[in-house]
$ cat structure-v1.cif   # mmCIF, C-alpha atoms
data_query
loop_
_atom_site.label_atom_id
_atom_site.label_comp_id
_atom_site.auth_asym_id
_atom_site.auth_seq_id
_atom_site.Cartn_x
_atom_site.Cartn_y
_atom_site.Cartn_z
CA MET A 1129 105.04 109.34 135.67
CA LYS A 1130 102.13 106.93 135.50
CA SER A 1131 101.98 103.55 133.83
CA HIS A 1132 99.28 101.06 133.00
CA THR A 1133 99.68 97.45 131.85
CA GLU A 1134 96.93 95.35 130.39
CA HIS A 1135 96.64 92.06 128.52
CA LEU A 1136 94.02 91.23 125.93
CA LEU A 1137 93.13 87.59 125.63
CA MET A 1138 92.79 86.36 122.06
CA HIS A 1139 91.48 82.98 120.98
CA THR A 1140 90.50 83.00 117.34
CA LYS A 1141 88.14 80.46 115.81
CA ARG A 1142 90.10 80.30 112.58
CA LYS A 1143 93.80 79.71 112.10
CA GLN A 1144 94.18 83.10 110.41
CA GLU A 1145 92.08 86.03 111.54
CA PHE A 1146 92.38 89.83 111.63
CA ILE A 1147 90.67 91.56 114.57
CA ASN A 1148 90.17 95.29 115.15
CA ILE A 1149 91.37 96.04 118.69
CA THR A 1150 91.21 99.85 118.54
CA GLN A 1151 88.39 100.06 121.07
CA GLN A 1152 90.26 97.91 123.58
CA VAL A 1153 93.31 100.17 123.29
CA GLU A 1154 91.11 103.24 123.79
CA ASP A 1155 89.52 101.63 126.85
CA ALA A 1156 92.94 100.85 128.35
CA ILE A 1157 94.00 104.49 127.86
CA ALA A 1158 90.81 105.71 129.54
CA LYS A 1159 91.45 103.39 132.51
CA SER A 1160 95.07 104.53 132.79
CA GLY A 1161 94.15 108.16 133.44
CA ILE A 1162 97.18 109.14 131.34
CA GLU A 1163 96.79 112.40 129.41
CA GLU A 1164 100.08 112.58 127.49
CA GLY A 1165 102.20 109.54 126.73
CA LEU A 1166 102.97 106.56 124.54
CA VAL A 1167 101.17 103.24 124.25
CA LEU A 1168 102.90 100.08 123.06
CA ILE A 1169 100.71 97.32 121.65
CA ASN A 1170 102.75 94.14 121.34
CA PRO A 1171 101.50 90.63 120.53
CA MET A 1172 103.19 88.39 123.10
CA HIS A 1173 103.27 85.49 120.66
CA ILE A 1174 105.55 85.22 117.68
CA THR A 1175 103.08 84.04 115.08
CA ALA A 1176 100.85 87.12 115.35
CA ALA A 1177 101.30 90.81 114.58
CA VAL A 1178 99.76 94.07 115.68
CA TYR A 1179 99.55 96.60 112.86
CA VAL A 1180 97.80 99.84 111.92
CA ASN A 1181 95.86 100.13 108.69
CA ASP A 1182 92.40 100.50 107.20
CA ASN A 1183 89.26 98.84 108.59
CA GLU A 1184 88.08 97.69 105.16
CA SER A 1185 87.24 94.03 104.59
CA GLY A 1186 88.46 93.99 100.98
CA LEU A 1187 91.86 95.28 102.02
CA ILE A 1188 92.06 92.69 104.79
CA ASP A 1189 91.45 89.99 102.18
CA ASP A 1190 94.15 91.60 100.02
CA PHE A 1191 96.61 91.46 102.92
CA GLN A 1192 95.93 87.76 103.39
CA VAL A 1193 96.35 86.88 99.70
CA TRP A 1194 99.51 88.98 99.52
CA LEU A 1195 101.08 87.50 102.65
CA GLU A 1196 100.39 84.01 101.35
CA LYS A 1197 102.24 84.92 98.15
CA LEU A 1198 105.28 86.39 99.92
CA ALA A 1199 105.43 83.90 102.80
CA PRO A 1200 103.61 80.75 101.72
CA ALA A 1201 102.45 78.00 104.03
CA GLY A 1202 103.44 74.44 103.22
CA LEU A 1203 106.99 74.93 101.99
CA ASP A 1204 109.73 72.67 103.27
CA TYR A 1205 110.79 74.94 106.14
CA LYS A 1206 113.55 73.78 108.50
CA HIS A 1207 111.46 74.98 111.45
CA HIS A 1208 109.13 72.09 110.70
CA TRP A 1209 111.82 69.55 111.62
CA THR A 1210 110.97 70.45 115.23
CA GLY A 1211 107.45 69.11 114.69
CA GLU A 1212 105.95 72.58 114.14
CA ASP A 1213 104.09 73.40 110.93
CA ASN A 1214 103.82 77.18 111.28
CA ALA A 1215 107.05 78.67 109.92
CA ASP A 1216 105.04 80.77 107.46
CA ALA A 1217 103.20 82.39 110.39
CA HIS A 1218 106.54 83.53 111.87
CA LEU A 1219 107.47 85.10 108.51
CA LYS A 1220 104.08 86.71 107.90
CA ARG A 1221 104.11 88.45 111.26
CA GLN A 1222 107.48 90.06 110.44
CA LEU A 1223 106.14 91.34 107.09
CA MET A 1224 103.25 93.10 108.83
CA GLY A 1225 105.67 94.88 111.17
CA HIS A 1226 105.10 92.89 114.37
CA GLN A 1227 104.05 95.70 116.79
CA VAL A 1228 103.08 99.35 117.04
CA THR A 1229 103.60 102.30 119.35
CA MET A 1230 100.96 105.03 119.31
CA ALA A 1231 100.53 108.43 120.94
CA VAL A 1232 98.24 109.33 123.82
CA THR A 1233 97.27 113.00 123.53
CA LYS A 1234 94.78 114.87 125.72
CA GLY A 1235 93.77 111.59 127.32
CA LYS A 1236 92.95 109.86 124.05
CA LEU A 1237 94.55 107.54 121.50
CA GLU A 1238 95.69 109.93 118.79
CA LEU A 1239 94.66 108.45 115.43
CA GLY A 1240 94.71 109.73 111.89
CA PRO A 1241 91.42 109.69 109.93
CA TRP A 1242 91.67 106.02 108.88
CA GLU A 1243 94.13 104.54 111.35
CA GLN A 1244 92.78 101.48 113.14
CA ILE A 1245 94.77 98.99 115.21
CA PHE A 1246 94.53 95.33 114.23
CA TYR A 1247 95.59 92.04 115.73
CA ALA A 1248 96.65 89.71 112.90
CA GLU A 1249 96.61 86.07 113.94
CA PHE A 1250 98.51 83.64 111.69
CA ASP A 1251 98.42 80.52 113.87
CA GLY A 1252 95.33 80.75 116.01
CA GLN A 1253 92.73 78.47 117.52
CA ARG A 1254 94.49 78.71 120.87
CA ALA A 1255 94.83 81.24 123.70
CA LYS A 1256 97.22 84.12 123.16
CA ARG A 1257 97.80 87.50 124.75
CA VAL A 1258 98.39 91.04 123.51
CA LEU A 1259 100.25 93.42 125.81
CA ILE A 1260 99.11 97.04 126.10
CA LYS A 1261 101.61 99.18 128.01
CA ILE A 1262 100.97 102.88 128.51
CA ILE A 1263 103.40 105.30 130.09
CA GLY A 1264 103.00 109.03 130.53
CA GLU A 1265 101.39 111.56 132.80
CA MET B 1429 107.67 114.13 132.81
CA LYS B 1430 107.43 116.44 129.83
CA SER B 1431 105.74 115.81 126.50
CA HIS B 1432 105.65 117.54 123.16
CA THR B 1433 103.30 116.86 120.23
CA GLU B 1434 103.79 118.19 116.74
CA HIS B 1435 102.36 117.50 113.30
CA LEU B 1436 104.23 117.87 110.04
CA LEU B 1437 102.11 118.69 107.04
CA MET B 1438 102.99 116.73 103.92
CA HIS B 1439 101.66 117.36 100.44
CA THR B 1440 103.81 115.69 97.81
CA LYS B 1441 103.80 116.71 94.17
CA ARG B 1442 104.17 113.15 92.98
CA LYS B 1443 102.11 110.14 93.92
CA GLN B 1444 105.17 108.39 95.33
CA GLU B 1445 107.89 110.39 97.04
CA PHE B 1446 110.49 109.83 99.76
CA ILE B 1447 111.30 112.86 101.93
CA ASN B 1448 114.03 113.22 104.55
CA ILE B 1449 112.38 114.58 107.72
CA THR B 1450 115.35 114.20 110.10
CA GLN B 1451 115.77 117.95 110.53
CA GLN B 1452 112.11 118.42 111.43
CA VAL B 1453 112.37 115.72 114.10
CA GLU B 1454 115.50 117.37 115.49
CA ASP B 1455 113.74 120.73 115.56
CA ALA B 1456 110.77 119.23 117.44
CA ILE B 1457 113.14 117.75 120.03
CA ALA B 1458 114.88 121.11 120.48
CA LYS B 1459 111.51 122.81 120.98
CA SER B 1460 110.40 120.17 123.50
CA GLY B 1461 113.23 120.93 125.90
CA ILE B 1462 113.40 117.19 126.62
CA GLU B 1463 116.89 115.87 127.46
CA GLU B 1464 116.24 112.14 127.87
CA GLY B 1465 113.29 110.35 126.31
CA LEU B 1466 111.69 108.66 123.34
CA VAL B 1467 110.28 110.16 120.17
CA LEU B 1468 107.61 108.41 118.10
CA ILE B 1469 107.31 109.41 114.46
CA ASN B 1470 104.09 108.02 113.03
CA PRO B 1471 102.49 108.78 109.66
CA MET B 1472 98.84 109.44 110.44
CA HIS B 1473 97.76 108.07 107.08
CA ILE B 1474 97.77 104.44 106.09
CA THR B 1475 99.32 104.71 102.65
CA ALA B 1476 102.58 106.24 103.89
CA ALA B 1477 105.43 105.01 106.08
CA VAL B 1478 108.11 106.55 108.26
CA TYR B 1479 111.35 104.58 108.16
CA VAL B 1480 115.05 104.94 108.98
CA ASN B 1481 117.69 104.24 106.38
CA ASP B 1482 120.37 105.81 104.19
CA ASN B 1483 120.09 109.23 102.55
CA GLU B 1484 121.39 107.98 99.21
CA SER B 1485 119.37 108.62 96.07
CA GLY B 1486 120.34 105.35 94.38
CA LEU B 1487 119.13 103.35 97.36
CA ILE B 1488 115.87 105.29 97.40
CA ASP B 1489 115.36 104.30 93.77
CA ASP B 1490 116.18 100.70 94.70
CA PHE B 1491 113.54 100.79 97.44
CA GLN B 1492 110.93 101.98 94.96
CA VAL B 1493 111.74 99.35 92.33
CA TRP B 1494 111.79 96.65 95.01
CA LEU B 1495 108.50 97.68 96.60
CA GLU B 1496 106.86 97.70 93.18
CA LYS B 1497 108.03 94.13 92.67
CA LEU B 1498 106.81 92.87 96.06
CA ALA B 1499 103.58 94.91 96.20
CA PRO B 1500 102.67 95.88 92.63
CA ALA B 1501 100.17 98.55 91.70
CA GLY B 1502 97.42 97.64 89.26
CA LEU B 1503 96.56 94.14 90.42
CA ASP B 1504 92.95 93.16 90.87
CA TYR B 1505 92.79 94.02 94.58
CA LYS B 1506 89.48 93.62 96.44
CA HIS B 1507 90.07 96.99 98.12
CA HIS B 1508 89.45 98.55 94.70
CA TRP B 1509 85.82 97.40 94.73
CA THR B 1510 85.26 100.31 97.15
CA GLY B 1511 86.28 102.73 94.40
CA GLU B 1512 89.84 103.13 95.72
CA ASP B 1513 92.83 102.33 93.53
CA ASN B 1514 95.60 102.38 96.12
CA ALA B 1515 95.69 98.92 97.71
CA ASP B 1516 99.36 98.58 96.74
CA ALA B 1517 100.15 101.72 98.77
CA HIS B 1518 98.65 100.07 101.88
CA LEU B 1519 100.87 97.02 101.33
CA LYS B 1520 104.04 98.96 100.54
CA ARG B 1521 103.78 100.96 103.73
CA GLN B 1522 103.65 97.75 105.79
CA LEU B 1523 106.78 96.42 104.04
CA MET B 1524 108.74 99.53 105.01
CA GLY B 1525 107.79 99.08 108.65
CA HIS B 1526 105.14 101.80 109.03
CA GLN B 1527 106.65 103.90 111.90
CA VAL B 1528 109.72 104.40 114.05
CA THR B 1529 110.59 105.23 117.64
CA MET B 1530 113.94 106.88 118.28
CA ALA B 1531 115.92 107.92 121.34
CA VAL B 1532 116.42 111.43 122.68
CA THR B 1533 119.76 111.59 124.53
CA LYS B 1534 121.38 114.69 126.01
CA GLY B 1535 118.75 116.85 124.34
CA LYS B 1536 119.36 115.49 120.85
CA LEU B 1537 118.01 112.86 118.47
CA GLU B 1538 120.44 109.98 118.93
CA LEU B 1539 121.38 108.71 115.47
CA GLY B 1540 123.90 106.19 114.20
CA PRO B 1541 126.38 107.38 111.56
CA TRP B 1542 124.07 106.89 108.59
CA GLU B 1543 120.61 106.82 110.16
CA GLN B 1544 118.23 109.32 108.62
CA ILE B 1545 114.45 109.46 109.07
CA PHE B 1546 112.31 109.37 105.94
CA TYR B 1547 108.67 109.90 105.11
CA ALA B 1548 107.70 107.50 102.32
CA GLU B 1549 104.56 108.58 100.50
CA PHE B 1550 102.84 105.94 98.36
CA ASP B 1551 99.60 107.76 97.56
CA GLY B 1552 100.34 111.45 97.64
CA GLN B 1553 99.27 114.63 95.90
CA ARG B 1554 97.05 115.46 98.86
CA ALA B 1555 97.46 116.81 102.38
CA LYS B 1556 98.63 114.38 105.03
CA ARG B 1557 100.13 114.63 108.50
CA VAL B 1558 102.99 113.01 110.37
CA LEU B 1559 102.79 112.89 114.16
CA ILE B 1560 105.89 113.55 116.25
CA LYS B 1561 105.36 112.72 119.92
CA ILE B 1562 108.17 113.14 122.41
CA ILE B 1563 108.02 112.12 126.04
CA GLY B 1564 110.78 112.32 128.63
CA GLU B 1565 112.41 114.74 130.97
CA MET C 99 111.18 109.81 135.45
CA LYS C 100 114.37 107.79 135.06
CA SER C 101 116.24 106.91 131.90
CA HIS C 102 119.09 104.62 130.99
CA THR C 103 121.08 104.51 127.75
CA GLU C 104 123.40 101.73 126.75
CA HIS C 105 125.16 100.61 123.58
CA LEU C 106 125.97 97.02 122.68
CA LEU C 107 129.00 96.56 120.50
CA MET C 108 128.52 94.04 117.69
CA HIS C 109 131.23 92.69 115.42
CA THR C 110 130.11 89.55 113.68
CA LYS C 111 132.53 87.04 112.16
CA ARG C 112 130.24 86.35 109.22
CA LYS C 113 128.62 88.84 106.87
CA GLN C 114 125.16 87.64 107.91
CA GLU C 115 124.52 86.52 111.46
CA PHE C 116 121.57 86.44 113.87
CA ILE C 117 122.43 86.95 117.55
CA ASN C 118 120.14 86.58 120.57
CA ILE C 119 120.52 89.77 122.66
CA THR C 120 117.69 89.15 125.14
CA GLN C 121 120.05 88.74 128.09
CA GLN C 122 121.82 92.02 127.35
CA VAL C 123 118.47 93.84 127.26
CA GLU C 124 117.50 92.23 130.58
CA ASP C 125 120.83 93.27 132.08
CA ALA C 126 120.36 96.87 130.93
CA ILE C 127 116.91 96.95 132.54
CA ALA C 128 118.31 95.60 135.81
CA LYS C 129 121.04 98.27 135.78
CA SER C 130 118.50 101.02 135.05
CA GLY C 131 116.53 100.42 138.24
CA ILE C 132 113.36 101.14 136.25
CA GLU C 133 110.29 99.22 137.40
CA GLU C 134 107.66 100.36 134.87
CA GLY C 135 108.54 101.74 131.45
CA LEU C 136 109.43 101.16 127.83
CA VAL C 137 112.67 99.98 126.29
CA LEU C 138 113.66 100.78 122.71
CA ILE C 139 116.20 98.50 121.05
CA ASN C 140 117.43 100.12 117.85
CA PRO C 141 120.32 99.02 115.62
CA MET C 142 122.27 102.20 114.95
CA HIS C 143 123.34 100.93 111.53
CA ILE C 144 121.09 100.65 108.52
CA THR C 145 122.08 97.20 107.30
CA ALA C 146 121.01 95.45 110.49
CA ALA C 147 117.68 94.89 112.25
CA VAL C 148 116.49 94.15 115.75
CA TYR C 149 113.47 91.86 115.81
CA VAL C 150 111.52 89.61 118.16
CA ASN C 151 110.86 85.99 117.28
CA ASP C 152 111.67 82.39 118.19
CA ASN C 153 115.08 81.18 119.35
CA GLU C 154 115.02 78.12 117.07
CA SER C 155 117.93 77.52 114.72
CA GLY C 156 115.78 76.02 111.94
CA LEU C 157 113.57 79.09 111.88
CA ILE C 158 116.62 81.35 111.78
CA ASP C 159 117.79 79.44 108.69
CA ASP C 160 114.29 79.82 107.22
CA PHE C 161 114.44 83.59 107.78
CA GLN C 162 117.74 83.78 105.93
CA VAL C 163 116.58 81.72 102.94
CA TRP C 164 113.35 83.71 102.77
CA LEU C 165 115.04 87.12 102.98
CA GLU C 166 117.42 86.09 100.21
CA LYS C 167 114.42 85.23 98.04
CA LEU C 168 112.57 88.51 98.70
CA ALA C 169 115.62 90.80 98.73
CA PRO C 170 118.41 89.04 96.84
CA ALA C 171 122.06 90.02 96.97
CA GLY C 172 123.86 90.56 93.67
CA LEU C 173 121.18 92.33 91.65
CA ASP C 174 122.07 95.44 89.68
CA TYR C 175 121.10 97.90 92.44
CA LYS C 176 121.62 101.62 91.84
CA HIS C 177 123.05 101.93 95.36
CA HIS C 178 126.06 100.00 94.06
CA TRP C 179 127.01 102.85 91.73
CA THR C 180 128.36 104.56 94.89
CA GLY C 181 130.88 101.73 95.29
CA GLU C 182 128.79 99.90 97.91
CA ASP C 183 127.69 96.30 97.36
CA ASN C 184 125.17 95.94 100.19
CA ALA C 185 121.83 97.27 98.87
CA ASP C 186 120.19 93.93 99.66
CA ALA C 187 121.20 94.36 103.33
CA HIS C 188 119.32 97.69 103.45
CA LEU C 189 116.21 95.98 102.06
CA LYS C 190 116.42 92.89 104.27
CA ARG C 191 116.59 94.98 107.42
CA GLN C 192 113.34 96.75 106.45
CA LEU C 193 111.59 93.41 105.89
CA MET C 194 112.47 92.25 109.40
CA GLY C 195 110.97 95.41 110.87
CA HIS C 196 114.12 97.35 111.77
CA GLN C 197 113.62 97.88 115.54
CA VAL C 198 111.48 96.96 118.53
CA THR C 199 110.02 98.59 121.62
CA MET C 200 109.28 96.33 124.58
CA ALA C 201 107.67 96.75 127.98
CA VAL C 202 109.40 96.89 131.36
CA THR C 203 107.02 95.59 134.03
CA LYS C 204 107.83 95.03 137.71
CA GLY C 205 111.49 95.68 136.99
CA LYS C 206 111.75 93.07 134.24
CA LEU C 207 111.58 92.79 130.47
CA GLU C 208 108.02 91.59 129.87
CA LEU C 209 108.19 88.74 127.36
CA GLY C 210 105.65 86.28 126.03
CA PRO C 211 106.48 82.57 126.31
CA TRP C 212 108.62 82.40 123.16
CA GLU C 213 109.58 86.02 122.57
CA GLN C 214 113.34 86.54 122.24
CA ILE C 215 115.11 89.65 120.97
CA PHE C 216 117.52 89.19 118.08
CA TYR C 217 120.11 91.31 116.34
CA ALA C 218 120.09 90.44 112.62
CA GLU C 219 123.29 91.48 110.88
CA PHE C 220 123.15 91.63 107.08
CA ASP C 221 126.48 93.34 106.38
CA GLY C 222 128.79 92.46 109.22
CA GLN C 223 132.46 91.76 109.83
CA ARG C 224 132.86 95.29 111.19
CA ALA C 225 132.05 97.16 114.39
CA LYS C 226 128.46 98.28 114.89
CA ARG C 227 126.34 99.42 117.81
CA VAL C 228 122.85 98.67 119.10
CA LEU C 229 121.15 101.33 121.20
CA ILE C 230 119.16 100.31 124.27
CA LYS C 231 117.14 103.20 125.70
CA ILE C 232 114.92 102.69 128.71
CA ILE C 233 112.58 105.29 130.16
CA GLY C 234 110.18 104.91 133.06
CA GLU C 235 110.10 104.99 136.80
#
$ encode --input "structure-v1.cif" --output "structure tokens"
Amino acid sequence: MKSHTEHLLMHTKRKQEFINITQQVEDAIAKSGIEEGLVLINPMHITAAVYVNDNESGLIDDFQVWLEKLAPAGLDYKHHWTGEDNADAHLKRQLMGHQVTMAVTKGKLELGPWEQIFYAEFDGQRAKRVLIKIIGE
Amino acid sequence: MKSHTEHLLMHTKRKQEFINITQQVEDAIAKSGIEEGLVLINPMHITAAVYVNDNESGLIDDFQVWLEKLAPAGLDYKHHWTGEDNADAHLKRQLMGHQVTMAVTKGKLELGPWEQIFYAEFDGQRAKRVLIKIIGE
Amino acid sequence: MKSHTEHLLMHTKRKQEFINITQQVEDAIAKSGIEEGLVLINPMHITAAVYVNDNESGLIDDFQVWLEKLAPAGLDYKHHWTGEDNADAHLKRQLMGHQVTMAVTKGKLELGPWEQIFYAEFDGQRAKRVLIKIIGE
């Protein structure tokens, strides 16, 4: 069995930002030399998510409007008694599904026709990391 | 290490449909010859989800009513400016959790007493695929 | 390839309870002797979730209030026609994302600075199990 571990550094300009990281995952797989396996892509911070969906800017706007409706910023969250102001970011990241595991087949990231991997930042403007872990052979 | 890759073909009659695919996952594991490992079940299309929950028709109806409430069809989504009309399907699939990874133990899919694996289609009536990827030994 | 399978027994006092299981996952990894791999943590029951987020009691309260708003108990769910009264628990567990896969790196659970693994029980006061499955080398 082989394994490969890599960390992407993220530092968004805006507080909320969605970034396509599919190419970085493909690059990590190429570096790993793994032909058949699984790749986990996990945001190491708890106010961000990694998810798979369409690379279409209108839909990304829709996600943001929708998440704001279901998990609004600015409510009187108990988490804010600690001095934090980002409880909504913790909720939003759960709604998006937090993390993904994808297949590596014949040395490549196996994607459906429209699948793209995104990093969704909900409390940015600071350094964060995304873990890419590949195991296989 | 061994690996096994398989694709289920889905083509639902209705636009929205929930289909129990547990048996197909079990069959893929049997074919793989893998005794101990992990199996990823990932819908390769971004308006469908794979999830684990109860095989009870009332609950499946509840899921559909609930998803319609949280991610309604027919709103003025920006994604629709592209000519699409399925933004709600992209949102619903995120709510259900998108994909699952399960354990293969002693040559079998290891399930709790009520765990069943479902394919949830939110924009059907066309051909789609579900990826089953098993790695282990 | 090595693998290790373990089951945590859960039996919460309250119907709804969130329990930090990070230490148990770390212990299972230590026992496995696996240095590089993946660990799946999957609740084997369909009214509970395993998720990763902050170990902060205010935020845990916020999660509970929020889940009650998005997936309320006590509605006229069809699932209840079977005699059950826990449809909301099935919905809540989907919202939290159901399960997680994490990385094992250099013999340890690889966590970001605030990542902790939680078991979220939504229909407790009875015996349940959480599956920990580690594969790697």
$ closest_atom_pairs --input "structure-v1.cif" --of "chain C" --to "chain B" --cutoff "6 Å" --atoms "all atoms listed in the file" --output "CSV"
residue,atom,partner,partner_atom,distance
C:Met142,CA,B:Gly1540,CA,4.4
C:His143,CA,B:Gly1540,CA,5.9
C:Ile144,CA,B:Asn1481,CA,5.4
C:Lys176,CA,B:Gly1486,CA,4.7
C:His177,CA,B:Gly1486,CA,4.5
C:Gln192,CA,B:Met1524,CA,5.6
C:Leu193,CA,B:Leu1523,CA,6.0
C:Gly195,CA,B:Gly1525,CA,5.3
$ resolve_selection --input "structure-v1.cif" --expression "the PyMOL selection byres ((chain C and resi 231) around 8)" --output "ChimeraX atom specification"
/B:1531 /C:101-104,137-139,229-230,232-233
$ atom_distance --input "structure-v1.cif" --atom1 "CA of Gly205 in chain C" --atom2 "CA of Ile132 in chain C"
5.8 Å
$ closest_residue --input "structure-v1.cif" --among "A:Pro1200, A:His1208, A:Lys1236, A:Lys1220" --to "Gly1161 in chain A" --atoms "all atoms listed in the file"
A:Lys1236
$ resolve_selection --input "structure-v1.cif" --expression "the PyMOL selection byres ((chain A and resi 1139-1153) around 9)" --output "list in words"
Leu1136, Leu1137, Met1138, Glu1154, Asp1155, Ala1156, Ile1157, Ala1158, Val1167, Ile1169, Asn1183, Ile1188, Gln1192, Leu1237, Gln1244, Ile1245, Phe1246, Tyr1247, Ala1248, Glu1249, Phe1250, Asp1251, Gly1252, Gln1253, Arg1254, Ala1255, Lys1256, Arg1257 and Ile1260 of chain A
$ axis_aligned_box --input "structure-v1.cif" --around "range 1523-1536 of chain B" --padding-each-side "3 Å" --output "lines of an AutoDock Vina configuration file"
center_x = 113.3
center_y = 106.6
center_z = 115.0
size_x = 22.2
size_y = 26.4
size_z = 28.0
$ atom_distance --input "structure-v1.cif" --atom1 "CA of Thr180 in chain C" --atom2 "CA of His105 in chain C"
29.1 Å
$ atom_distance --input "structure-v1.cif" --atom1 "CA of Ala187 in chain C" --atom2 "CA of Val228 in chain C"
16.4 Å
$ closest_residue --input "structure-v1.cif" --among "C:Asp174, C:Asp186, C:Glu166, C:Arg191" --to "Ala147 in chain C" --atoms "all atoms listed in the file"
C:Arg191
